[in-house]
Amino acid sequence: MTSQTITAAASGTWTLGDLTINRIGFGAMRLPQTGEALIADATPRDRAEAVSVLRTAVELGVNHIDTAAFYFSSLRSANELISRALAPYPNDLVIATKVGPGRDPSGQWLPHATPGQLRGQVEENLRQLGRDHLDVVNLRIVGTDSIAERFGALAELRQAGLIRHLGLSNITPQHLGEARAIAPVVCVQNMYGIGVRPEQDAFLRDCGEQGIAFVPFYSIAGTGRQAGATGAEHDELLTVARAHAVSAAQVRLAWTLHRGPHVLAIPGTGDPHHLAANVAAGALRLSGDELAALDALHQRAA
């Protein structure tokens, strides 16, 4: 594949509520710093480099950006970089953000937001992004406790016009059922990928049956999480990559997209070459035999 000529349109489209997006998007977690994300002493990324990557993403047809106010380093904020690079925003650009977690100015994690604090987090995202409403807000969850009160607070902000659509992140099927009894849910963001949480397979299918997008995070990094991919790969995956003259990361992205038309991808990077390769993965079509081999690896490698 020639990644330089492939755009995000090759991945196909999905609709979040009334918002149509290309299935290959962009995750902004890695933009504010180089190296590991979400740590207090992260090295800030060069501003011009980050702005250039965002603009290139849009030029490549990316119209779905995933971000959060807690994505920042000592000098850089993902939301403010997005605003600087892309405002005034293209009409078709969908920006999804997350609320729930928070970090203090030094980068240390704070207790998750209470229902009463969620409005402040929504307003923080609005201010940083320079918008009068947020396209999609995902409530990020830690633990298995009831989310009704917190999700209800966001549903009220949706009714007030500050939020267009609601989603959930890091949740269980029980959380989804609880939320849907309160307000519509357009997407679920959970950690998922080859060899990562195969127990999510049934939940992924259930989301599709309900018309809800499933948005894997760490689908390339896997257990490396915010530190990035470990670099070690299985022979089965490398065999598929060699057959298509692509990288293992591209195969990982393509495999997730093959899991269903409702599955989206939000790979993040600060490297323009990796960005082009990630977008090009949306055009990679895997054969039945290749999918069977990767599916078997997915179950075995967990």
# chains A, B, ... in the order shown; residues from 1 in each chain; ligands from 1
>>> residues_around(residues="range 108-123 of chain A", least_positions_apart="4", cutoff="8 Å", atoms="only C-alpha atoms", output="ChimeraX atom specification")
/A:39-40,69,99-104,127,149-151,153-154,157
>>> residues_around(residues="Ser83 in chain A", least_positions_apart="3", cutoff="7 Å", atoms="only C-alpha atoms", output="PyMOL selection string")
chain A and resi 79-80+86-87+129-130
>>> closest_residue(among="A:Phe26, A:Leu237, A:Thr256, A:Glu49", to="Leu297 in chain A", atoms="only C-alpha atoms")
A:Leu237
>>> atom_distance(atom1="CA of Glu124 in chain A", atom2="CA of Tyr71 in chain A")
12.4 Å
>>> closest_residue(among="A:Asp295, A:Glu156, A:Glu290, A:Asp145", to="Asp201 in chain A", atoms="only C-alpha atoms")
A:Asp295
>>> atom_distance(atom1="CA of Leu81 in chain A", atom2="CA of Gly193 in chain A")
27.9 Å
>>> closest_residue(among="A:Val142, A:Ala280, A:Leu264, A:Leu286", to="Ala241 in chain A", atoms="only C-alpha atoms")
A:Leu286
>>> select_by_dssp(residues="range 178-291 of chain A", states="helix (DSSP H, G or I)", output="number ranges by chain")
A: 178-180, 198-209, 222-227, 235-244, 248-257, 272-283, 288-291
>>> residues_around(residues="Gly211 in chain A", least_positions_apart="4", cutoff="8 Å", atoms="only C-alpha atoms", output="VMD selection string")
chain A and resid 186 207 262
>>> residues_around(residues="Ala8 in chain A", least_positions_apart="4", cutoff="9 Å", atoms="only C-alpha atoms", output="compact mmCIF listing (two decimals) with all heavy atoms, in the first residue's frame")
# COMPACT_ATOMS: atom_id res chain seq x y z
N GLY A 12 -14.29 3.48 5.28
CA GLY A 12 -15.74 3.47 5.38
C GLY A 12 -16.23 4.46 6.42
O GLY A 12 -15.44 5.15 7.07
N ASN A 22 -15.60 9.15 9.20
CA ASN A 22 -14.80 8.06 8.70
C ASN A 22 -14.36 7.19 9.86
O ASN A 22 -14.11 7.68 10.96
CB ASN A 22 -13.58 8.59 7.94
CG ASN A 22 -13.98 9.30 6.65
OD1 ASN A 22 -14.90 8.87 5.95
ND2 ASN A 22 -13.30 10.38 6.33
N ARG A 23 -14.28 5.88 9.62
CA ARG A 23 -14.04 4.95 10.72
C ARG A 23 -12.63 5.05 11.28
O ARG A 23 -12.39 4.68 12.44
CB ARG A 23 -14.33 3.51 10.27
CG ARG A 23 -15.82 3.27 10.00
CD ARG A 23 -16.05 1.89 9.43
NE ARG A 23 -15.68 0.86 10.38
CZ ARG A 23 -15.24 -0.35 10.04
NH1 ARG A 23 -15.08 -0.67 8.75
NH2 ARG A 23 -14.95 -1.24 10.96
N ILE A 24 -11.68 5.51 10.49
CA ILE A 24 -10.34 5.80 11.02
C ILE A 24 -10.33 7.23 11.52
O ILE A 24 -10.56 8.18 10.77
CB ILE A 24 -9.26 5.62 9.95
CG1 ILE A 24 -8.96 4.14 9.71
CG2 ILE A 24 -7.97 6.34 10.36
CD1 ILE A 24 -7.94 3.52 10.66
N GLY A 25 -10.10 7.39 12.82
CA GLY A 25 -10.00 8.70 13.42
C GLY A 25 -8.60 8.95 13.96
O GLY A 25 -7.63 8.32 13.54
N ALA A 57 -3.64 15.28 9.56
CA ALA A 57 -4.70 14.30 9.78
C ALA A 57 -5.97 14.72 9.06
O ALA A 57 -6.62 13.92 8.38
CB ALA A 57 -4.96 14.13 11.27
N LEU A 60 -5.79 14.31 5.42
CA LEU A 60 -5.91 12.90 5.04
C LEU A 60 -7.33 12.36 5.25
O LEU A 60 -7.55 11.16 5.15
CB LEU A 60 -4.91 12.06 5.84
CG LEU A 60 -3.44 12.22 5.45
CD1 LEU A 60 -2.53 11.49 6.43
CD2 LEU A 60 -3.19 11.71 4.03
N GLY A 61 -8.25 13.23 5.53
CA GLY A 61 -9.65 12.82 5.61
C GLY A 61 -10.13 12.43 7.00
O GLY A 61 -11.28 12.00 7.16
N VAL A 62 -9.29 12.57 8.01
CA VAL A 62 -9.73 12.27 9.38
C VAL A 62 -10.73 13.33 9.82
O VAL A 62 -10.44 14.53 9.79
CB VAL A 62 -8.53 12.23 10.34
CG1 VAL A 62 -9.00 12.16 11.79
CG2 VAL A 62 -7.62 11.05 10.03
N ASN A 63 -11.92 12.90 10.21
CA ASN A 63 -12.93 13.86 10.68
C ASN A 63 -13.52 13.44 12.02
O ASN A 63 -14.64 13.80 12.36
CB ASN A 63 -14.03 14.05 9.64
CG ASN A 63 -14.73 12.76 9.25
OD1 ASN A 63 -14.46 11.69 9.81
ND2 ASN A 63 -15.64 12.85 8.30
N VAL A 279 -3.67 5.89 8.91
CA VAL A 279 -4.80 6.18 8.04
C VAL A 279 -4.90 5.14 6.93
O VAL A 279 -5.98 4.65 6.59
CB VAL A 279 -4.69 7.60 7.46
CG1 VAL A 279 -5.73 7.83 6.36
CG2 VAL A 279 -4.85 8.65 8.56
N ALA A 280 -3.75 4.76 6.38
CA ALA A 280 -3.73 3.78 5.29
C ALA A 280 -4.23 2.42 5.73
O ALA A 280 -4.71 1.63 4.91
CB ALA A 280 -2.32 3.66 4.72
N ALA A 281 -4.14 2.12 7.01
CA ALA A 281 -4.62 0.82 7.51
C ALA A 281 -6.11 0.64 7.24
O ALA A 281 -6.60 -0.49 7.17
CB ALA A 281 -4.34 0.69 9.00
N GLY A 282 -6.83 1.73 7.07
CA GLY A 282 -8.25 1.64 6.78
C GLY A 282 -8.55 1.04 5.42
O GLY A 282 -9.68 0.63 5.16
N ALA A 283 -7.55 0.98 4.54
CA ALA A 283 -7.73 0.39 3.22
C ALA A 283 -7.26 -1.05 3.15
O ALA A 283 -7.41 -1.71 2.12
CB ALA A 283 -6.96 1.22 2.18
>>> residues_around(residues="Thr43 in chain A", least_positions_apart="6", cutoff="8 Å", atoms="only C-alpha atoms", output="PyMOL selection string")
chain A and resi 33-35+73-74
>>> residues_around(residues="Ile65 in chain A", least_positions_apart="2", cutoff="10 Å", atoms="only C-alpha atoms", output="list in words")
Ile21, Ile24, Gly25, Phe26, Gly27, Ala28, Leu54, Ala57, Val58, Val62, Asn63, Thr67, Ile82, Leu93, Val94, Ile95, Ala96, Thr97, Ile266, Pro267 and Gly268 of chain A
>>> write_last_selection(atoms="N, CA, C and O atoms", output="JSON list (two decimals), in the first residue's frame")
[["chain", "number", "residue", "atom", "x", "y", "z"],
["A", 21, "ILE", "N", -18.97, 9.99, 10.27],
["A", 21, "ILE", "CA", -17.51, 10.10, 10.36],
["A", 21, "ILE", "C", -16.86, 8.94, 9.62],
["A", 21, "ILE", "O", -17.45, 7.89, 9.42],
["A", 24, "ILE", "N", -11.68, 5.51, 10.49],
["A", 24, "ILE", "CA", -10.34, 5.80, 11.02],
["A", 24, "ILE", "C", -10.33, 7.23, 11.52],
["A", 24, "ILE", "O", -10.56, 8.18, 10.77],
["A", 25, "GLY", "N", -10.10, 7.39, 12.82],
["A", 25, "GLY", "CA", -10.00, 8.70, 13.42],
["A", 25, "GLY", "C", -8.60, 8.95, 13.96],
["A", 25, "GLY", "O", -7.63, 8.32, 13.54],
["A", 26, "PHE", "N", -8.52, 9.86, 14.92],
["A", 26, "PHE", "CA", -7.22, 10.23, 15.50],
["A", 26, "PHE", "C", -7.39, 10.44, 16.99],
["A", 26, "PHE", "O", -8.28, 11.16, 17.44],
["A", 27, "GLY", "N", -6.53, 9.80, 17.78],
["A", 27, "GLY", "CA", -6.51, 9.98, 19.21],
["A", 27, "GLY", "C", -5.44, 10.97, 19.62],
["A", 27, "GLY", "O", -4.29, 10.86, 19.21],
["A", 28, "ALA", "N", -5.81, 11.96, 20.44],
["A", 28, "ALA", "CA", -4.91, 13.08, 20.76],
["A", 28, "ALA", "C", -4.07, 12.85, 22.01],
["A", 28, "ALA", "O", -3.31, 13.74, 22.40],
["A", 54, "LEU", "N", -1.86, 17.43, 13.37],
["A", 54, "LEU", "CA", -3.31, 17.59, 13.37],
["A", 54, "LEU", "C", -3.82, 18.08, 12.02],
["A", 54, "LEU", "O", -4.82, 17.57, 11.49],
["A", 57, "ALA", "N", -3.64, 15.28, 9.56],
["A", 57, "ALA", "CA", -4.70, 14.30, 9.78],
["A", 57, "ALA", "C", -5.97, 14.72, 9.06],
["A", 57, "ALA", "O", -6.62, 13.92, 8.38],
["A", 58, "VAL", "N", -6.36, 15.97, 9.19],
["A", 58, "VAL", "CA", -7.56, 16.47, 8.54],
["A", 58, "VAL", "C", -7.39, 16.43, 7.02],
["A", 58, "VAL", "O", -8.31, 16.08, 6.28],
["A", 62, "VAL", "N", -9.29, 12.57, 8.01],
["A", 62, "VAL", "CA", -9.73, 12.27, 9.38],
["A", 62, "VAL", "C", -10.73, 13.33, 9.82],
["A", 62, "VAL", "O", -10.44, 14.53, 9.79],
["A", 63, "ASN", "N", -11.92, 12.90, 10.21],
["A", 63, "ASN", "CA", -12.93, 13.86, 10.68],
["A", 63, "ASN", "C", -13.52, 13.44, 12.02],
["A", 63, "ASN", "O", -14.64, 13.80, 12.36],
["A", 67, "THR", "N", -10.24, 13.28, 22.27],
["A", 67, "THR", "CA", -9.39, 14.08, 23.12],
["A", 67, "THR", "C", -9.93, 14.09, 24.55],
["A", 67, "THR", "O", -10.89, 13.39, 24.87],
["A", 82, "ILE", "N", -5.50, 21.32, 19.45],
["A", 82, "ILE", "CA", -6.56, 21.10, 18.46],
["A", 82, "ILE", "C", -7.17, 22.43, 18.03],
["A", 82, "ILE", "O", -7.37, 22.69, 16.84],
["A", 93, "LEU", "N", -16.03, 18.01, 10.95],
["A", 93, "LEU", "CA", -15.13, 17.50, 11.99],
["A", 93, "LEU", "C", -15.90, 17.23, 13.28],
["A", 93, "LEU", "O", -16.60, 18.11, 13.80],
["A", 94, "VAL", "N", -15.77, 16.00, 13.79],
["A", 94, "VAL", "CA", -16.40, 15.60, 15.04],
["A", 94, "VAL", "C", -15.31, 15.46, 16.11],
["A", 94, "VAL", "O", -14.36, 14.70, 15.92],
["A", 95, "ILE", "N", -15.45, 16.19, 17.19],
["A", 95, "ILE", "CA", -14.49, 16.12, 18.29],
["A", 95, "ILE", "C", -15.19, 15.45, 19.47],
["A", 95, "ILE", "O", -16.21, 15.94, 19.97],
["A", 96, "ALA", "N", -14.65, 14.32, 19.88],
["A", 96, "ALA", "CA", -15.18, 13.59, 21.05],
["A", 96, "ALA", "C", -14.22, 13.79, 22.21],
["A", 96, "ALA", "O", -13.01, 13.65, 22.05],
["A", 97, "THR", "N", -14.76, 14.10, 23.37],
["A", 97, "THR", "CA", -13.92, 14.28, 24.54],
["A", 97, "THR", "C", -14.41, 13.39, 25.68],
["A", 97, "THR", "O", -15.44, 12.72, 25.56],
["A", 266, "ILE", "N", -9.06, 4.91, 16.71],
["A", 266, "ILE", "CA", -8.57, 6.24, 17.10],
["A", 266, "ILE", "C", -7.08, 6.18, 17.44],
["A", 266, "ILE", "O", -6.67, 6.59, 18.52],
["A", 267, "PRO", "N", -6.24, 5.66, 16.53],
["A", 267, "PRO", "CA", -4.81, 5.60, 16.83],
["A", 267, "PRO", "C", -4.23, 7.00, 16.97],
["A", 267, "PRO", "O", -4.64, 7.93, 16.27],
["A", 268, "GLY", "N", -3.30, 7.15, 17.89],
["A", 268, "GLY", "CA", -2.68, 8.45, 18.11],
["A", 268, "GLY", "C", -1.19, 8.41, 17.86],
["A", 268, "GLY", "O", -0.54, 7.37, 18.06]]
>>> atom_distance(atom1="CA of Ala48 in chain A", atom2="CA of Pro216 in chain A")
28.3 Å
>>> closest_residue(among="A:Leu75, A:Ile147, A:Ala10, A:Ala181", to="Ala254 in chain A", atoms="only C-alpha atoms")
A:Ala10
>>> residues_around(residues="Met191 in chain A", least_positions_apart="6", cutoff="9 Å", atoms="only C-alpha atoms", output="number ranges by chain")
A: 169-170, 197, 200, 215-219, 222
